[in-house]
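Here the structure is laid out as structure tokens; the discussion comes afterwards.
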Protein chains: 8
Amino acid sequence: MDTSSLRELLEDVKNGRIVPEAAAEKIKRLTFHDLGFAKVDIHRSLRQGFPEVIYCAGKTTEQVVSIISVLAGNHKNILATRANRSIFESVRTVLPMAYFHEIPGLISIQTEKPEPVGSILIVCAGTSDLPVAEEAAVTAEIMGNRVERLYDAGVAGIHRLLLNEDKLNSARVIIVVAGMEGALASVVGGLVDKPVIAVPTSVGYGASFHGLAALLSMLNSCANGVTVVNIDNGFGAGYAASLINKINETA
Amino acid sequence: MDTSSLRELLEDVKNGRIVPEAAAEKIKRLTFHDLGFAKVDIHRSLRQGFPEVIYCAGKTTEQVVSIISVLAGNHKNILATRANRSIFESVRTVLPMAYFHEIPGLISIQTEKPEPVGSILIVCAGTSDLPVAEEAAVTAEIMGNRVERLYDAGVAGIHRLLLNEDKLNSARVIIVVAGMEGALASVVGGLVDKPVIAVPTSVGYGASFHGLAALLSMLNSCANGVTVVNIDNGFGAGYAASLINKINETA
Amino acid sequence: MDTSSLRELLEDVKNGRIVPEAAAEKIKRLTFHDLGFAKVDIHRSLRQGFPEVIYCAGKTTEQVVSIISVLAGNHKNILATRANRSIFESVRTVLPMAYFHEIPGLISIQTEKPEPVGSILIVCAGTSDLPVAEEAAVTAEIMGNRVERLYDAGVAGIHRLLLNEDKLNSARVIIVVAGMEGALASVVGGLVDKPVIAVPTSVGYGASFHGLAALLSMLNSCANGVTVVNIDNGFGAGYAASLINKINETA
Amino acid sequence: MDTSSLRELLEDVKNGRIVPEAAAEKIKRLTFHDLGFAKVDIHRSLRQGFPEVIYCAGKTTEQVVSIISVLAGNHKNILATRANRSIFESVRTVLPMAYFHEIPGLISIQTEKPEPVGSILIVCAGTSDLPVAEEAAVTAEIMGNRVERLYDAGVAGIHRLLLNEDKLNSARVIIVVAGMEGALASVVGGLVDKPVIAVPTSVGYGASFHGLAALLSMLNSCANGVTVVNIDNGFGAGYAASLINKINETA
Amino acid sequence: MDTSSLRELLEDVKNGRIVPEAAAEKIKRLTFHDLGFAKVDIHRSLRQGFPEVIYCAGKTTEQVVSIISVLAGNHKNILATRANRSIFESVRTVLPMAYFHEIPGLISIQTEKPEPVGSILIVCAGTSDLPVAEEAAVTAEIMGNRVERLYDAGVAGIHRLLLNEDKLNSARVIIVVAGMEGALASVVGGLVDKPVIAVPTSVGYGASFHGLAALLSMLNSCANGVTVVNIDNGFGAGYAASLINKINETA
Amino acid sequence: MDTSSLRELLEDVKNGRIVPEAAAEKIKRLTFHDLGFAKVDIHRSLRQGFPEVIYCAGKTTEQVVSIISVLAGNHKNILATRANRSIFESVRTVLPMAYFHEIPGLISIQTEKPEPVGSILIVCAGTSDLPVAEEAAVTAEIMGNRVERLYDAGVAGIHRLLLNEDKLNSARVIIVVAGMEGALASVVGGLVDKPVIAVPTSVGYGASFHGLAALLSMLNSCANGVTVVNIDNGFGAGYAASLINKINETA
Amino acid sequence: MDTSSLRELLEDVKNGRIVPEAAAEKIKRLTFHDLGFAKVDIHRSLRQGFPEVIYCAGKTTEQVVSIISVLAGNHKNILATRANRSIFESVRTVLPMAYFHEIPGLISIQTEKPEPVGSILIVCAGTSDLPVAEEAAVTAEIMGNRVERLYDAGVAGIHRLLLNEDKLNSARVIIVVAGMEGALASVVGGLVDKPVIAVPTSVGYGASFHGLAALLSMLNSCANGVTVVNIDNGFGAGYAASLINKINETA
Amino acid sequence: MDTSSLRELLEDVKNGRIVPEAAAEKIKRLTFHDLGFAKVDIHRSLRQGFPEVIYCAGKTTEQVVSIISVLAGNHKNILATRANRSIFESVRTVLPMAYFHEIPGLISIQTEKPEPVGSILIVCAGTSDLPVAEEAAVTAEIMGNRVERLYDAGVAGIHRLLLNEDKLNSARVIIVVAGMEGALASVVGGLVDKPVIAVPTSVGYGASFHGLAALLSMLNSCANGVTVVNIDNGFGAGYAASLINKINETA
């Protein structure tokens, strides 16, 4: 939203040609920073409650640094996914407060840390699912949620899950991360009366077809209340869980 | 849970061998009514907040009637999905208060109607998606949620959606139902800061592959906060939306 | 094996040109009844412990009747799968002792009923899986096995399974029949130390892709000891379970 | 077309055995340069308006250099796709006027630059789609079209697109490049009354299945006027857009 | 667009608060007729050059009649696809000028027939592809284009195509309709210098997988200038061809 | 080929402008009978050794009758595939010498029956594969080949095949027809030193995916000399086998 | 199972509040060692007859070493799959008795070697299948089974198999390992009257789709008694075969 | 076939217990050289006309050298596919007469070169298809066939094919090698009256799905007489073509 448009809009407000609510709605919707190769969505935090998150895959390091710099000038908390240490090193030279989460490959900047609210439980089936589970966990944490972890609780040894029912019961939303056959989502879904977000992972081989087996399994869950995100999309699960966890929070 | 087990359990409580909370937990988990061909999960409403829902496909009419009768003896509100008028007629002979929802093929019994809470908005892309959208809507309604409908708002005429942003903004959870390319889920997801549950439908032909195109599209949504259920699974979306809509409701 | 070949072979035995064991091996392998459109494998029961089973799909009623008649002239117990009542009526006109199993669509003739041995447990996830579960059960029964049933024990209400662990523990082999996401196979597989044969069913819709979801789920089971048969192949599971159940039986 | 055939043909023309138009048609069709491993289609520019374009993938550098040399001897403007810097360096040693477009991996030789005509707009959803978008843009430019770019305008922040409707309206043909769920094609298609060529990209992960999700999404677009090319086929889109953009141009 | 909004808008124009162009743009975008189950896009013809086309599949006859009636009150030419004679009979009772095209299953109302412009050639591979080819042809005709047909010209007898090169050369846009292996699109694409829209059909069996083989074939065409629409989507091809055919038409 | 073109061509021959061989080549290539909806390829028998074969699926009965009538006026032997008795009855009213092969659904007219040559062996795995096997057999017979049949020789009872090795050895070409897992093709291929054409059938269920399993199996055959045709394409196998069987036949 | 719980449980036993059998059942089910990133299932050997097996793929070397150390403190025989020499070297530094099986990539520790029982035969189709075959063989050996090997016996040279029928006959369970078309499973299954576990391998190229062809082939086996495990899952086959081989062993 | 068995067999012949023909048949079938990891099929050349061909992929260099050495001791001409230069170097140290074909990755030993017979034409669509085309060509040459090549004759410039019809007409068998959409097979198949073996290649990208598009295209060819082999299986095509080319050769 360039300056002149903004000025005109505000004059419209002043002259009563537009009511303040409508003007706010317009501003909320219309602003981005145009870098040519990218239109950084500055006002997404207004519209969606969190700034645009940078998906690093397929971008050059220079593009990532440039986008993250624009965002850092406008927001307090920032997240970049599918990053690696090399990208991080470049980011750090311009944004020294950036932090790298090695396991999930996330870069975060968090200059404001409000008290976390509610509770999101991340359950994962096996140790190999950790990178995805941590992507969900860190995403939810940086968005201001309280996060619990229950890792390596796959159905091959179901007592590991059943012995932790208190954790299941005390969460407001549950994220289930599992590869191979992804059965854990249905089992958890059958035990609780809260929303379950299932994240299939690409852990497995052969007929797992890079996570397809777990994905289909979760989509066909016989348990109610289970919704699904893309394979290995820990970020998406953490984001959706945050939106859910905060419903009615301020009411 | 047969009577003797229950008696033993209660004696344990009385004798202090088990604390009441633990006993409740056990009861919540252990009870079902065994019909031989079915183990009707009587206590699911305790565990999950709503009784077992009957999936009619693949069951004989006799089996459906038998299961629904057992449930009706134990619960106030009942739902059966993927039914048809013929099944309904048989059900009605034994349960005259049953109601048939023609478009989504649902049978419901609702002897208790509390004031609906919150707000779930159902958006659908085209008129052909109505059966699935209505399955979601009726499910959510019978579970005690306030439901709004915004139908035939597909992206080919995006102004139909943009002109209804107030509806988008006033909902707590949004269900987006779309076939063909399913683009509507991403567009809605990009406009709001609340959870969006996307339901791909089998509307389409050729390379829609019976809903696969919409399913993949929704799973790969570039908008945040979108989770997905199975193709044509309006029921699942309505159920999950209900769980989300009620978070913190009683707090 | 036509008569002249047999006579020659036996003369070879008599003259010492071939030892009896080798001759038996040859006979075991070489005999069938040629109907032109079918070579009925008369000696399969010698080679495999049970006569050729007739797969009715894609055969005319006349072909089925003709093949079953040849088999009935040579064997005591006979099984035909994927039949329907109309085929059965034709069979019954020539073989009045034939019996029709309505739910699984099987025709059986059982003129010899030895005491059943061991124990095969059939667990199924939902009532809609019954036709497949019964195909497995009846197959195993007619092959002389003791069969237990544990139906409608899906993971959405896992206590229905956990409360029946004694049944799981007292079986020698377990067949798990499940559609949708097929999670039941992994859960059962994780609880026991015996072979589990998983049968995915085509129960479900949308992204179940006619049983593919359950099939992939079961093939990727994180539990050990689980092997898988084709979608809806209750017969194959029953047959394999019978072979396993009888290992060392006579020793 | 070897010399003798050509001579004969021309004699036929001279003798009136064939009218000039028919002879031109024949020549247009018949000529290529045979390198043994390749039959360079010299006269494609007559038949199709642009010389044969070299697809470098799967060819040795020597083969590319050899083919491009033959073409350069016959044509003013040349294009090679799916090249890399190493191939380019070899090409440059023999054709110093060659130019390398780093992002889309194109080699071009352009010794004739007519005034560009019409207007092709390239819209892309995200920064990661740039290589494909640029392949389309450079292809269209070298074929003599005026090209506009509107990058990073994905539907997650749809105002970035809506604020640029003037660009959409002033184009004659629009190319939409998008990965993940590819929803942008339908949104653009619904806003305009001109041909839209959709290019799915392999940007994404998991259930994007290397661009399949975007491809199916675009093929099922509910918006009219959308046609689709292969995944990542920016070249094909640029080529087709050029043919469309030039319709009636000289009329 | 309800009346009051329109009045307000016009007052804004009158008072100079909005310039006429902007108001027109707004009107163009905002108007639809809300039937509850459908939001009929009245102004699509302004935005896209042709009214909303009704896709009959998955709609009840009543819904189709209702939508088509609204459209008929606002437009001169109307098209409904995937209809059948039964739907048509109902439509005819309220709109007697409706016409049914039996082979492609189209209903059309054409109260205005301008002189057709340009030339679109429809080539199809075999007689079994006729329904799809006719869907494209009738769509293009009703949209005001001159249409030529070249049917049953598949590559198994390629001389049938080569002998008709004059037809190929005199068209402005070519639609190629083919099932089975869909090779015709590439062959035509290699012969001409104009846009080719390829329509895969579901004609075939076995590994044609209901048109998938032809679809993939066409997407991978080695000929330039070929774009593709969904399987059996003759309408979409006719629509896109019309947009292309009319480029620069009025200039 | 219209008369005037033919006349011109012949004058060219007479005047020595074209040598007779070349003219013959041209005639061979250029002639068809145009019915509007079909271009009947009259001279295919010159070019390919057998007249155009009519694929009835997707054609109206009227179209089939019309095409077959044109062919019957030009050829002695005619074949139509994927027909049914109803089509046949219509054909017979105009062509009383037509014959209907019930099992494979073929219509044939054979007014010339030369002595069959060579030997093609058709092996099929099970009785359910008969329709496809017979389609191959009848096709080969009508094309003038000697045909042997070896039916129901699947690998589950491999002795039925091994006992018929003389049949395998005396054939010049072998067609193997099998559904389910299609293993028979590899077993036969490993036993012989002659070309094997494998025909996967759609016999099976579940993970046979309508013949996909057999198709993939045959394409991956570890035996040498095996080539494959489409699922259920008995006609294609019979045709190719005929071409192979006749190689060097007249030499 | 932490100490206090165990103490309480044992006091319950002492006080007669729980019978010893029930307590054993509880202990069997409830114990694991929590490492945070992993819950090592210490008591799986009680429940399943063999300790938890470590799947190394997707785990860091540190995680593998840590898990294997915990297991080694509780069990005599240990197995880790999908390992490589580098992981092994790290394991050996803390567990010097560890052994590396190069071909199948297994790490084993075997401090107790009971006399092997029964007989499991591993048949593989080609030399390229060896890694998977050896994974099955070593798994079965370490679990205490007698193992026979019959390698490179594919159906392209079926005499290699037929000449070894004595081996087939003397086994109690047979594992068939094959890639490409996987026909070997059906051939073996048709020859014997014992359970056959089929292991598809990813050996092959093109339309083998990384083992899919062999997998589908085996799932559709026309031979009875064949069950299937995941592609390349030699471990799973060896494990299941061991369970089967030991049935009735101690009776 | 070990020596004693052979001696016994021969004594049977001498004593008239078996006729010479039957003995020959037995020998032909029964002999292989057992290396433990491989059963080298020494007598395949008797059974199939050419020795076992070594598929190098998935074998260690040592295994290849060992197998090729055994074969070289028994045969004059040897072929190994999917080799690379490194394997070749190892082979050459023990078999100095080995030759490496760089483009198709073949190792051959040819100590006997009879006059080639008949004629096999290899047509390929583009230069990128050369490795597969050459695999077919070299295979056919080493098996004693006369081979012609027609490369880079794809349908995008169909005159390159049409101008070479004499080559098509003078061949006895034609192999068509093509990637992308594979249309060339149908075009060639429609022009000739001889067997066409189609080889899809993995040349392409995106929706070619590594050759799947070409494979499906070729399987659905509307031209008669076309059979198909696996993706990139030049060897298989060359082998089958050789069998076909030699039919009736010696007669």
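Just so we're on the same page: first chain in the structure tokens is A, next is B, and so on; residues restart at 1 for each chain, and ligands are numbered from 1 in the order they show up.
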
Those in segment 14-170 of chain E with strand (DSSP E) from DSSP, as a ChimeraX atom specification = /E:33-34,39-40,54-55,77-81,99-101,106-110,117-124,145-150

Please report as CSV every residue of chain E lying within 12 Å of chain A, along with the nearest atom pair and their distance in Å (one decimal), using only C-alpha atoms.
```
residue,atom,partner,partner_atom,distance
E:Glu8,CA,A:Arg17,CA,11.9
E:Asp12,CA,A:Arg17,CA,9.5
E:Asn15,CA,A:Arg17,CA,11.1
E:Gly16,CA,A:Arg17,CA,11.4
E:Arg17,CA,A:Arg17,CA,8.0
E:Ile18,CA,A:Arg17,CA,10.6
```

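Every protein, DNA or RNA residue with an atom at most 9 Å from Ala185 of chain H, where only C-alpha atoms count and chain neighbours fewer than 5 positions away do not, is listed here: H:Ile175, H:Val176, H:Val177, H:Ala178, H:Gly190, H:Val196, H:Ile197, H:Ala198, H:Val199, H:Ser217, H:Met218, H:Ser221, H:Ala223, H:Val226.
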
Counting only C-alpha atoms, figure out which residue out of F:Leu219, F:Leu79, F:Leu184, F:Leu168 gets nearest to Cys124 of chain F.
-> F:Leu184

Can you pull out the residues contacting Ser128 of chain G? Cut-off 8 Å, using only C-alpha atoms, and skip same-chain residues under 4 positions away; I want them as a PDB file with N, CA, C and O atoms, in the first residue's frame.
```pdb
ATOM      1  N   VAL G 203      14.088 -54.521  -6.763  1.00  0.00           N
ATOM      2  CA  VAL G 203      14.950 -54.832  -7.909  1.00  0.00           C
ATOM      3  C   VAL G 203      14.144 -54.706  -9.192  1.00  0.00           C
ATOM      4  O   VAL G 203      13.061 -55.280  -9.305  1.00  0.00           O
TER       5      VAL G 203
ATOM      6  N   ALA H  57      22.703 -54.384 -12.696  1.00  0.00           N
ATOM      7  CA  ALA H  57      22.196 -53.522 -11.623  1.00  0.00           C
ATOM      8  C   ALA H  57      21.911 -54.332 -10.366  1.00  0.00           C
ATOM      9  O   ALA H  57      21.309 -55.401 -10.427  1.00  0.00           O
ATOM     10  N   GLY H  58      22.370 -53.850  -9.217  1.00  0.00           N
ATOM     11  CA  GLY H  58      22.105 -54.508  -7.951  1.00  0.00           C
ATOM     12  C   GLY H  58      23.060 -55.655  -7.660  1.00  0.00           C
ATOM     13  O   GLY H  58      22.919 -56.335  -6.651  1.00  0.00           O
ATOM     14  N   LYS H  59      23.996 -55.908  -8.559  1.00  0.00           N
ATOM     15  CA  LYS H  59      24.992 -56.937  -8.292  1.00  0.00           C
ATOM     16  C   LYS H  59      26.323 -56.262  -7.993  1.00  0.00           C
ATOM     17  O   LYS H  59      26.646 -55.210  -8.550  1.00  0.00           O
TER      18      LYS H  59
END
```

Could you pull out the helix (DSSP H, G or I) residues of segment 56-175 of chain E from DSSP and send them as a PyMOL selection string?
-> chain E and resi 61-72+85-94+127-142+155-157+159-162+165-170

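If you look at atom CA of Lys194 of chain E and atom CA of Pro116 of chain D, they are 18.3 Å away from each other.
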
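Atom CA of Arg149 of chain G to atom CA of Leu212 of chain G spans 24.7 Å [interatomic distance, one decimal].
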
Can you tell me how far atom CA of Phe100 of chain C sits from atom CA of Ile87 of chain C, in Å to one decimal?
-> 9.8 Å
